[in-house]
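Okay, query_34.pdb now, which holds PDB, C-alpha atoms:
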```
ATOM      1  CA  MET A   1     -22.495 -52.946 -63.162
ATOM      2  CA  VAL A   2     -20.776 -50.543 -60.816
ATOM      3  CA  PRO A   3     -17.336 -51.999 -60.029
ATOM      4  CA  THR A   4     -16.228 -51.955 -56.392
ATOM      5  CA  LYS A   5     -13.323 -53.166 -54.286
ATOM      6  CA  ASP A   6     -15.825 -55.395 -52.461
ATOM      7  CA  MET A   7     -16.543 -57.172 -55.764
ATOM      8  CA  LEU A   8     -12.838 -57.888 -56.191
ATOM      9  CA  ASP A   9     -12.627 -59.221 -52.643
ATOM     10  CA  GLN A  10     -15.639 -61.483 -53.209
ATOM     11  CA  ILE A  11     -14.199 -62.897 -56.447
ATOM     12  CA  ALA A  12     -10.843 -63.523 -54.730
ATOM     13  CA  LYS A  13     -12.680 -65.458 -51.994
ATOM     14  CA  GLU A  14     -14.488 -67.533 -54.619
ATOM     15  CA  GLU A  15     -11.215 -68.306 -56.375
ATOM     16  CA  ALA A  16      -9.578 -69.352 -53.083
ATOM     17  CA  GLU A  17     -12.570 -71.496 -52.063
ATOM     18  CA  LEU A  18     -13.098 -73.286 -55.373
ATOM     19  CA  VAL A  19      -9.787 -75.130 -55.685
ATOM     20  CA  LEU A  20     -10.304 -78.776 -56.619
ATOM     21  CA  ASP A  21      -8.391 -81.916 -55.668
ATOM     22  CA  GLN A  22      -8.275 -83.050 -59.301
ATOM     23  CA  PHE A  23      -9.762 -82.184 -62.680
ATOM     24  CA  THR A  24      -9.827 -84.846 -65.382
ATOM     25  CA  GLU A  25     -11.512 -85.080 -68.765
ATOM     26  CA  GLU A  26     -14.321 -87.002 -67.054
ATOM     27  CA  ASP A  27     -14.626 -84.195 -64.496
ATOM     28  CA  ALA A  28     -14.897 -81.666 -67.331
ATOM     29  CA  TRP A  29     -17.787 -83.668 -68.775
ATOM     30  CA  GLU A  30     -19.496 -83.924 -65.376
ATOM     31  CA  LEU A  31     -19.099 -80.205 -64.643
ATOM     32  CA  GLY A  32     -20.243 -79.289 -68.150
ATOM     33  CA  CYS A  33     -23.379 -81.428 -67.843
ATOM     34  CA  LEU A  34     -24.091 -79.864 -64.444
ATOM     35  CA  MET A  35     -23.767 -76.408 -66.038
ATOM     36  CA  VAL A  36     -26.172 -77.390 -68.832
ATOM     37  CA  GLU A  37     -28.661 -78.718 -66.268
ATOM     38  CA  GLU A  38     -28.478 -75.489 -64.250
ATOM     39  CA  ALA A  39     -28.791 -73.316 -67.366
ATOM     40  CA  LYS A  40     -31.882 -75.235 -68.489
ATOM     41  CA  LYS A  41     -33.496 -74.718 -65.067
ATOM     42  CA  ARG A  42     -32.952 -70.986 -65.545
ATOM     43  CA  GLN A  43     -34.049 -71.130 -69.197
ATOM     44  CA  ALA A  44     -30.769 -69.419 -70.039
ATOM     45  CA  ARG A  45     -29.943 -68.940 -73.707
ATOM     46  CA  ILE A  46     -26.207 -69.462 -73.332
ATOM     47  CA  ALA A  47     -23.141 -71.261 -74.553
ATOM     48  CA  ILE A  48     -21.024 -73.213 -72.069
ATOM     49  CA  ASP A  49     -17.372 -74.119 -72.460
ATOM     50  CA  ILE A  50     -14.672 -75.847 -70.445
ATOM     51  CA  ARG A  51     -11.174 -75.801 -71.863
ATOM     52  CA  ARG A  52      -7.536 -76.059 -71.047
ATOM     53  CA  PRO A  53      -4.899 -74.267 -73.099
ATOM     54  CA  GLY A  54      -5.135 -75.622 -76.627
ATOM     55  CA  GLN A  55      -8.028 -78.030 -76.041
ATOM     56  CA  ILE A  56     -11.782 -77.724 -75.664
ATOM     57  CA  MET A  57     -12.865 -80.307 -73.088
ATOM     58  CA  PHE A  58     -16.625 -79.573 -73.137
ATOM     59  CA  HIS A  59     -18.842 -77.281 -75.177
ATOM     60  CA  ALA A  60     -22.600 -76.827 -75.416
ATOM     61  CA  ALA A  61     -24.753 -74.233 -77.131
ATOM     62  CA  LEU A  62     -28.247 -74.155 -75.672
ATOM     63  CA  ALA A  63     -31.338 -72.985 -77.540
ATOM     64  CA  GLY A  64     -30.940 -69.292 -78.302
ATOM     65  CA  ALA A  65     -27.145 -69.207 -78.101
ATOM     66  CA  THR A  66     -25.383 -67.769 -81.150
ATOM     67  CA  PRO A  67     -21.935 -68.043 -82.731
ATOM     68  CA  ASP A  68     -21.177 -64.682 -81.115
ATOM     69  CA  ASN A  69     -21.380 -66.388 -77.709
ATOM     70  CA  ASP A  70     -18.607 -68.753 -78.813
ATOM     71  CA  GLU A  71     -16.444 -65.766 -79.717
ATOM     72  CA  TRP A  72     -17.069 -64.179 -76.305
ATOM     73  CA  ILE A  73     -16.131 -67.497 -74.671
ATOM     74  CA  ARG A  74     -12.834 -67.603 -76.531
ATOM     75  CA  ARG A  75     -11.926 -64.045 -75.577
ATOM     76  CA  LYS A  76     -13.030 -64.380 -71.932
ATOM     77  CA  SER A  77     -11.136 -67.654 -71.459
ATOM     78  CA  ASN A  78      -8.035 -66.003 -72.968
ATOM     79  CA  VAL A  79      -8.230 -63.504 -70.088
ATOM     80  CA  VAL A  80      -8.244 -66.303 -67.504
ATOM     81  CA  PHE A  81      -5.254 -68.061 -69.061
ATOM     82  CA  ARG A  82      -3.283 -64.831 -69.518
ATOM     83  CA  PHE A  83      -3.929 -63.269 -66.099
ATOM     84  CA  GLY A  84      -4.760 -66.314 -63.957
ATOM     85  CA  LYS A  85      -7.929 -64.726 -62.589
ATOM     86  CA  ALA A  86     -11.646 -64.767 -63.253
ATOM     87  CA  SER A  87     -12.476 -62.575 -66.233
ATOM     88  CA  LEU A  88     -14.843 -60.523 -64.055
ATOM     89  CA  ALA A  89     -12.003 -59.797 -61.607
ATOM     90  CA  VAL A  90      -9.830 -58.493 -64.433
ATOM     91  CA  GLY A  91     -12.690 -56.359 -65.775
ATOM     92  CA  VAL A  92     -13.495 -54.898 -62.358
ATOM     93  CA  SER A  93      -9.804 -54.140 -61.720
ATOM     94  CA  LEU A  94      -9.528 -52.335 -65.039
ATOM     95  CA  ALA A  95     -12.720 -50.352 -64.432
ATOM     96  CA  LEU A  96     -11.541 -49.299 -60.963
ATOM     97  CA  ALA A  97      -8.240 -48.171 -62.498
ATOM     98  CA  GLU A  98     -10.177 -46.351 -65.251
ATOM     99  CA  THR A  99      -8.231 -48.065 -67.995
ATOM    100  CA  THR A 100      -8.705 -50.759 -70.636
ATOM    101  CA  ILE A 101      -7.070 -54.115 -71.165
ATOM    102  CA  GLU A 102      -5.442 -52.725 -74.294
ATOM    103  CA  GLN A 103      -3.937 -49.743 -72.466
ATOM    104  CA  LYS A 104      -2.819 -51.643 -69.366
ATOM    105  CA  SER A 105      -1.589 -54.929 -70.820
ATOM    106  CA  PHE A 106      -0.970 -54.124 -74.493
ATOM    107  CA  VAL A 107      -3.295 -56.882 -75.696
ATOM    108  CA  SER A 108      -6.012 -56.655 -78.310
ATOM    109  CA  PRO A 109      -9.660 -56.540 -77.230
ATOM    110  CA  LEU A 110     -10.253 -58.718 -80.300
ATOM    111  CA  GLU A 111      -8.431 -61.508 -78.421
ATOM    112  CA  PHE A 112      -9.111 -60.653 -74.752
ATOM    113  CA  SER A 113     -12.462 -59.690 -73.250
ATOM    114  CA  PRO A 114     -12.392 -58.807 -69.534
ATOM    115  CA  HIS A 115     -16.108 -59.394 -68.970
ATOM    116  CA  GLY A 116     -17.613 -61.764 -66.431
ATOM    117  CA  GLY A 117     -18.246 -65.401 -67.197
ATOM    118  CA  ALA A 118     -14.867 -67.160 -67.342
ATOM    119  CA  PHE A 119     -13.557 -68.707 -64.128
ATOM    120  CA  PRO A 120     -10.243 -70.465 -63.463
ATOM    121  CA  ILE A 121     -10.299 -74.136 -62.524
ATOM    122  CA  ARG A 122      -7.423 -74.753 -60.169
ATOM    123  CA  VAL A 123      -6.162 -78.029 -58.750
ATOM    124  CA  ARG A 124      -4.502 -78.081 -55.351
ATOM    125  CA  GLY A 125      -0.748 -78.401 -55.824
ATOM    126  CA  CYS A 126      -0.957 -77.789 -59.596
ATOM    127  CA  GLY A 127      -2.522 -74.367 -60.058
ATOM    128  CA  LEU A 128      -4.570 -73.300 -63.069
ATOM    129  CA  VAL A 129      -5.461 -76.300 -65.235
ATOM    130  CA  ALA A 130      -8.622 -75.240 -67.071
ATOM    131  CA  CYS A 131     -11.272 -72.569 -67.461
ATOM    132  CA  ALA A 132     -15.072 -72.811 -67.288
ATOM    133  CA  THR A 133     -16.924 -70.137 -69.255
ATOM    134  CA  VAL A 134     -20.510 -69.064 -69.877
ATOM    135  CA  SER A 135     -21.699 -66.480 -72.400
ATOM    136  CA  GLY A 136     -25.164 -65.145 -73.079
ATOM    137  CA  LEU A 137     -26.333 -63.519 -69.844
ATOM    138  CA  PRO A 138     -25.308 -60.178 -68.355
ATOM    139  CA  GLN A 139     -21.696 -60.571 -67.240
ATOM    140  CA  GLU A 140     -22.400 -60.766 -63.501
ATOM    141  CA  GLU A 141     -24.983 -63.498 -64.131
ATOM    142  CA  ASP A 142     -22.560 -65.403 -66.385
ATOM    143  CA  HIS A 143     -20.021 -65.267 -63.543
ATOM    144  CA  ALA A 144     -22.550 -66.288 -60.881
ATOM    145  CA  LEU A 145     -23.744 -69.290 -62.891
ATOM    146  CA  VAL A 146     -20.200 -70.599 -63.374
ATOM    147  CA  VAL A 147     -19.316 -70.093 -59.701
ATOM    148  CA  ALA A 148     -22.518 -71.782 -58.491
ATOM    149  CA  CYS A 149     -21.875 -74.798 -60.705
ATOM    150  CA  ILE A 150     -18.216 -75.183 -59.733
ATOM    151  CA  ARG A 151     -19.243 -74.913 -56.067
ATOM    152  CA  LYS A 152     -21.889 -77.626 -56.536
ATOM    153  CA  PHE A 153     -19.412 -79.794 -58.461
ATOM    154  CA  LYS A 154     -16.821 -79.437 -55.689
ATOM    155  CA  GLU A 155     -19.398 -80.341 -53.028
ATOM    156  CA  ARG A 156     -20.294 -83.518 -54.954
ATOM    157  CA  LYS A 157     -16.620 -84.486 -55.209
ATOM    158  CA  THR A 158     -15.670 -83.736 -51.603
ATOM    159  CA  PRO A 159     -15.755 -86.882 -49.444
ATOM    160  CA  ARG A 160     -17.898 -86.635 -46.334
TER     161      ARG A 160
END
```

Produce structure tokens that represent the structure in this file.
Amino acid sequence: MVPTKDMLDQIAKEEAELVLDQFTEEDAWELGCLMVEEAKKRQARIAIDIRRPGQIMFHAALAGATPDNDEWIRRKSNVVFRFGKASLAVGVSLALAETTIEQKSFVSPLEFSPHGGAFPIRVRGCGLVACATVSGLPQEEDHALVVACIRKFKERKTPR
């Protein structure tokens, strides 16, 4: 991946577009199942996670996923909750600045992984309420899968 300012702009647009009207435990289940369905179509060997601070709301490990994927999920979702942005956005910003998360923010890479795949779930009027994360594909593909699923979920929930 070659980080660019255009990538940051695109991620910011995705974050602005994908704000939900609500996000309940039932919504977490529905989004998680949608993510599993999409991953199976792609034959992706991934782990999927939706959490809010202190609570896992949905988790699935598909065939081929490993415990290491769960560790990546934890560290990528920590980035979203700490910085309020998609983990890919934080990683691209750091790469463009030619620095690391440890140098810039004084946090351990053992706890924070600024690689693509974790995306903030925001509710209009509330802000960041949860994080959806995928691990197991190249980071840009992890990010794209999460974004595609949140977009599809939002379309299903938006009244016509």

Computed gap from CA of Lys85 in chain A to CA of Ser105 in chain A is 14.3 Å

Can you build me a table of range 85-137 of chain A residues sitting at most 12 Å from range 42-51 of chain A, with the closest atom pair per residue and its distance in Å to one decimal, using only C-alpha atoms, sorted by chain and residue number, as a tab-separated table?
```
residue	atom	partner	partner_atom	distance
A:Gly117	CA	A:Ile48	CA	9.6
A:Ala118	CA	A:Asp49	CA	9.0
A:Phe119	CA	A:Ile50	CA	9.6
A:Pro120	CA	A:Ile50	CA	9.9
A:Ile121	CA	A:Ile50	CA	9.2
A:Leu128	CA	A:Arg51	CA	11.3
A:Val129	CA	A:Arg51	CA	8.8
A:Ala130	CA	A:Arg51	CA	5.5
A:Cys131	CA	A:Arg51	CA	5.5
A:Ala132	CA	A:Ile50	CA	4.4
A:Thr133	CA	A:Asp49	CA	5.1
A:Val134	CA	A:Ile48	CA	4.7
A:Ser135	CA	A:Ala47	CA	5.4
A:Gly136	CA	A:Ile46	CA	4.4
A:Leu137	CA	A:Ile46	CA	6.9
```

Show which residues sit within 12 Å of Gly127 in chain A, as an mmCIF file with C-alpha atoms, in the coordinates of the input. Count only C-alpha atoms, and ignore same-chain residues fewer than 2 positions away.
```
data_model
loop_
_atom_site.group_PDB
_atom_site.id
_atom_site.type_symbol
_atom_site.label_atom_id
_atom_site.label_comp_id
_atom_site.auth_asym_id
_atom_site.auth_seq_id
_atom_site.Cartn_x
_atom_site.Cartn_y
_atom_site.Cartn_z
ATOM 1 C CA GLU A 15 -11.215 -68.306 -56.375
ATOM 2 C CA ALA A 16 -9.578 -69.352 -53.083
ATOM 3 C CA LEU A 18 -13.098 -73.286 -55.373
ATOM 4 C CA VAL A 19 -9.787 -75.130 -55.685
ATOM 5 C CA LEU A 20 -10.304 -78.776 -56.619
ATOM 6 C CA ASP A 21 -8.391 -81.916 -55.668
ATOM 7 C CA GLN A 22 -8.275 -83.050 -59.301
ATOM 8 C CA PHE A 23 -9.762 -82.184 -62.680
ATOM 9 C CA PHE A 81 -5.254 -68.061 -69.061
ATOM 10 C CA GLY A 84 -4.760 -66.314 -63.957
ATOM 11 C CA LYS A 85 -7.929 -64.726 -62.589
ATOM 12 C CA PRO A 120 -10.243 -70.465 -63.463
ATOM 13 C CA ILE A 121 -10.299 -74.136 -62.524
ATOM 14 C CA ARG A 122 -7.423 -74.753 -60.169
ATOM 15 C CA VAL A 123 -6.162 -78.029 -58.750
ATOM 16 C CA ARG A 124 -4.502 -78.081 -55.351
ATOM 17 C CA GLY A 125 -0.748 -78.401 -55.824
ATOM 18 C CA VAL A 129 -5.461 -76.300 -65.235
ATOM 19 C CA ALA A 130 -8.622 -75.240 -67.071
ATOM 20 C CA CYS A 131 -11.272 -72.569 -67.461
#
```

Here is a test: counting all atoms listed in the file, which residue of A:Met35, A:Ala95, A:Ala63, A:Asp70 is nearest to Ala144 in chain A? A:Met35

Give me the result of the PyMOL selection byres ((chain A and resi 150) around 9) on this file, residue by residue, as a VMD selection string. chain A and resid 18 31 34 to 35 121 132 145 to 149 151 to 155

Hey, can you check how far CA of Ile73 in chain A sits from CA of Ala97 in chain A? 24.2 Å

Please, which residues in range 46-158 of chain A fall within 9 Å of range 4-13 of chain A when counting all atoms listed in the file, and what is the closest atom pair and distance in Å to one decimal for each, ordered by chain then residue number, as JSON lines?
```
{"residue": "A:Lys85", "atom": "CA", "partner": "A:Ala12", "partner_atom": "CA", "distance": 8.5}
{"residue": "A:Ala86", "atom": "CA", "partner": "A:Ile11", "partner_atom": "CA", "distance": 7.5}
{"residue": "A:Leu88", "atom": "CA", "partner": "A:Ile11", "partner_atom": "CA", "distance": 8.0}
{"residue": "A:Ala89", "atom": "CA", "partner": "A:Leu8", "partner_atom": "CA", "distance": 5.8}
{"residue": "A:Val90", "atom": "CA", "partner": "A:Leu8", "partner_atom": "CA", "distance": 8.8}
{"residue": "A:Val92", "atom": "CA", "partner": "A:Leu8", "partner_atom": "CA", "distance": 6.9}
{"residue": "A:Ser93", "atom": "CA", "partner": "A:Leu8", "partner_atom": "CA", "distance": 7.3}
{"residue": "A:Ala95", "atom": "CA", "partner": "A:Thr4", "partner_atom": "CA", "distance": 8.9}
{"residue": "A:Leu96", "atom": "CA", "partner": "A:Thr4", "partner_atom": "CA", "distance": 7.1}
```

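Rounded to one decimal, CA of Gly91 in chain A and CA of His115 in chain A lie 5.6 Å from each other.
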
Quick one: residues within 12 Å of (-10.0, -68.3, -82.3) (file frame), counting all atoms listed in the file, please, as an mmCIF file with C-alpha atoms, in the frame of the given file.
```cif
data_model
loop_
_atom_site.group_PDB
_atom_site.id
_atom_site.type_symbol
_atom_site.label_atom_id
_atom_site.label_comp_id
_atom_site.auth_asym_id
_atom_site.auth_seq_id
_atom_site.Cartn_x
_atom_site.Cartn_y
_atom_site.Cartn_z
ATOM 1 C CA GLY A 54 -5.135 -75.622 -76.627
ATOM 2 C CA GLN A 55 -8.028 -78.030 -76.041
ATOM 3 C CA ILE A 56 -11.782 -77.724 -75.664
ATOM 4 C CA PRO A 67 -21.935 -68.043 -82.731
ATOM 5 C CA ASP A 68 -21.177 -64.682 -81.115
ATOM 6 C CA ASP A 70 -18.607 -68.753 -78.813
ATOM 7 C CA GLU A 71 -16.444 -65.766 -79.717
ATOM 8 C CA TRP A 72 -17.069 -64.179 -76.305
ATOM 9 C CA ILE A 73 -16.131 -67.497 -74.671
ATOM 10 C CA ARG A 74 -12.834 -67.603 -76.531
ATOM 11 C CA ARG A 75 -11.926 -64.045 -75.577
ATOM 12 C CA LYS A 76 -13.030 -64.380 -71.932
ATOM 13 C CA SER A 77 -11.136 -67.654 -71.459
ATOM 14 C CA ASN A 78 -8.035 -66.003 -72.968
ATOM 15 C CA LEU A 110 -10.253 -58.718 -80.300
ATOM 16 C CA GLU A 111 -8.431 -61.508 -78.421
ATOM 17 C CA PHE A 112 -9.111 -60.653 -74.752
#
```

Restricting the calculation to all atoms listed in the file: of A:Met57, A:Leu94, A:Val79, A:Cys126, which residue gets closest to Glu25 in chain A?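 Closest residue, counting all atoms listed in the file: A:Met57.
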
From the options A:Ser113, A:Ser108, A:Leu62, A:Glu26, which residue's atoms come nearest to Lys41 in chain A, counting all atoms listed in the file?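 When distances to Lys41 in chain A are compared using all atoms listed in the file, the smallest one comes from A:Leu62.
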
Got a minute to add N, CA and C atoms to range 138-159 of chain A and dump it as a CSV table (one decimal), keeping the file's coordinate frame?
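This is the output file rebuild02.csv:
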```csv
chain,number,residue,atom,x,y,z
A,138,PRO,N,-26.1,-61.3,-68.8
A,138,PRO,CA,-25.3,-60.2,-68.4
A,138,PRO,C,-24.1,-60.7,-67.6
A,139,GLN,N,-23.0,-60.0,-67.7
A,139,GLN,CA,-21.7,-60.6,-67.2
A,139,GLN,C,-21.7,-61.0,-65.8
A,140,GLU,N,-22.4,-60.3,-64.9
A,140,GLU,CA,-22.4,-60.8,-63.5
A,140,GLU,C,-23.2,-62.1,-63.3
A,141,GLU,N,-24.2,-62.3,-64.2
A,141,GLU,CA,-25.0,-63.5,-64.1
A,141,GLU,C,-24.2,-64.7,-64.7
A,142,ASP,N,-23.5,-64.4,-65.8
A,142,ASP,CA,-22.6,-65.4,-66.4
A,142,ASP,C,-21.6,-65.9,-65.3
A,143,HIS,N,-21.0,-64.9,-64.6
A,143,HIS,CA,-20.0,-65.3,-63.5
A,143,HIS,C,-20.7,-66.1,-62.4
A,144,ALA,N,-21.9,-65.6,-62.0
A,144,ALA,CA,-22.6,-66.3,-60.9
A,144,ALA,C,-22.9,-67.7,-61.2
A,145,LEU,N,-23.4,-67.9,-62.5
A,145,LEU,CA,-23.7,-69.3,-62.9
A,145,LEU,C,-22.5,-70.2,-62.9
A,146,VAL,N,-21.4,-69.8,-63.4
A,146,VAL,CA,-20.2,-70.6,-63.4
A,146,VAL,C,-19.8,-70.9,-61.9
A,147,VAL,N,-19.7,-69.9,-61.1
A,147,VAL,CA,-19.3,-70.1,-59.7
A,147,VAL,C,-20.3,-71.1,-59.0
A,148,ALA,N,-21.6,-70.9,-59.1
A,148,ALA,CA,-22.5,-71.8,-58.5
A,148,ALA,C,-22.3,-73.2,-58.9
A,149,CYS,N,-22.1,-73.4,-60.2
A,149,CYS,CA,-21.9,-74.8,-60.7
A,149,CYS,C,-20.6,-75.4,-60.2
A,150,ILE,N,-19.5,-74.6,-60.2
A,150,ILE,CA,-18.2,-75.2,-59.7
A,150,ILE,C,-18.3,-75.5,-58.2
A,151,ARG,N,-19.0,-74.7,-57.5
A,151,ARG,CA,-19.2,-74.9,-56.1
A,151,ARG,C,-20.0,-76.2,-55.9
A,152,LYS,N,-21.1,-76.4,-56.6
A,152,LYS,CA,-21.9,-77.6,-56.5
A,152,LYS,C,-21.1,-78.8,-56.9
A,153,PHE,N,-20.3,-78.7,-58.0
A,153,PHE,CA,-19.4,-79.8,-58.5
A,153,PHE,C,-18.4,-80.2,-57.4
A,154,LYS,N,-17.8,-79.2,-56.8
A,154,LYS,CA,-16.8,-79.4,-55.7
A,154,LYS,C,-17.5,-80.1,-54.5
A,155,GLU,N,-18.7,-79.7,-54.1
A,155,GLU,CA,-19.4,-80.3,-53.0
A,155,GLU,C,-19.7,-81.8,-53.3
A,156,ARG,N,-20.0,-82.1,-54.6
A,156,ARG,CA,-20.3,-83.5,-55.0
A,156,ARG,C,-19.0,-84.4,-54.9
A,157,LYS,N,-17.9,-83.8,-55.2
A,157,LYS,CA,-16.6,-84.5,-55.2
A,157,LYS,C,-15.9,-84.6,-53.9
A,158,THR,N,-16.3,-83.8,-52.9
A,158,THR,CA,-15.7,-83.7,-51.6
A,158,THR,C,-16.2,-84.9,-50.7
A,159,PRO,N,-15.3,-85.8,-50.3
A,159,PRO,CA,-15.8,-86.9,-49.4
A,159,PRO,C,-16.3,-86.4,-48.1
```
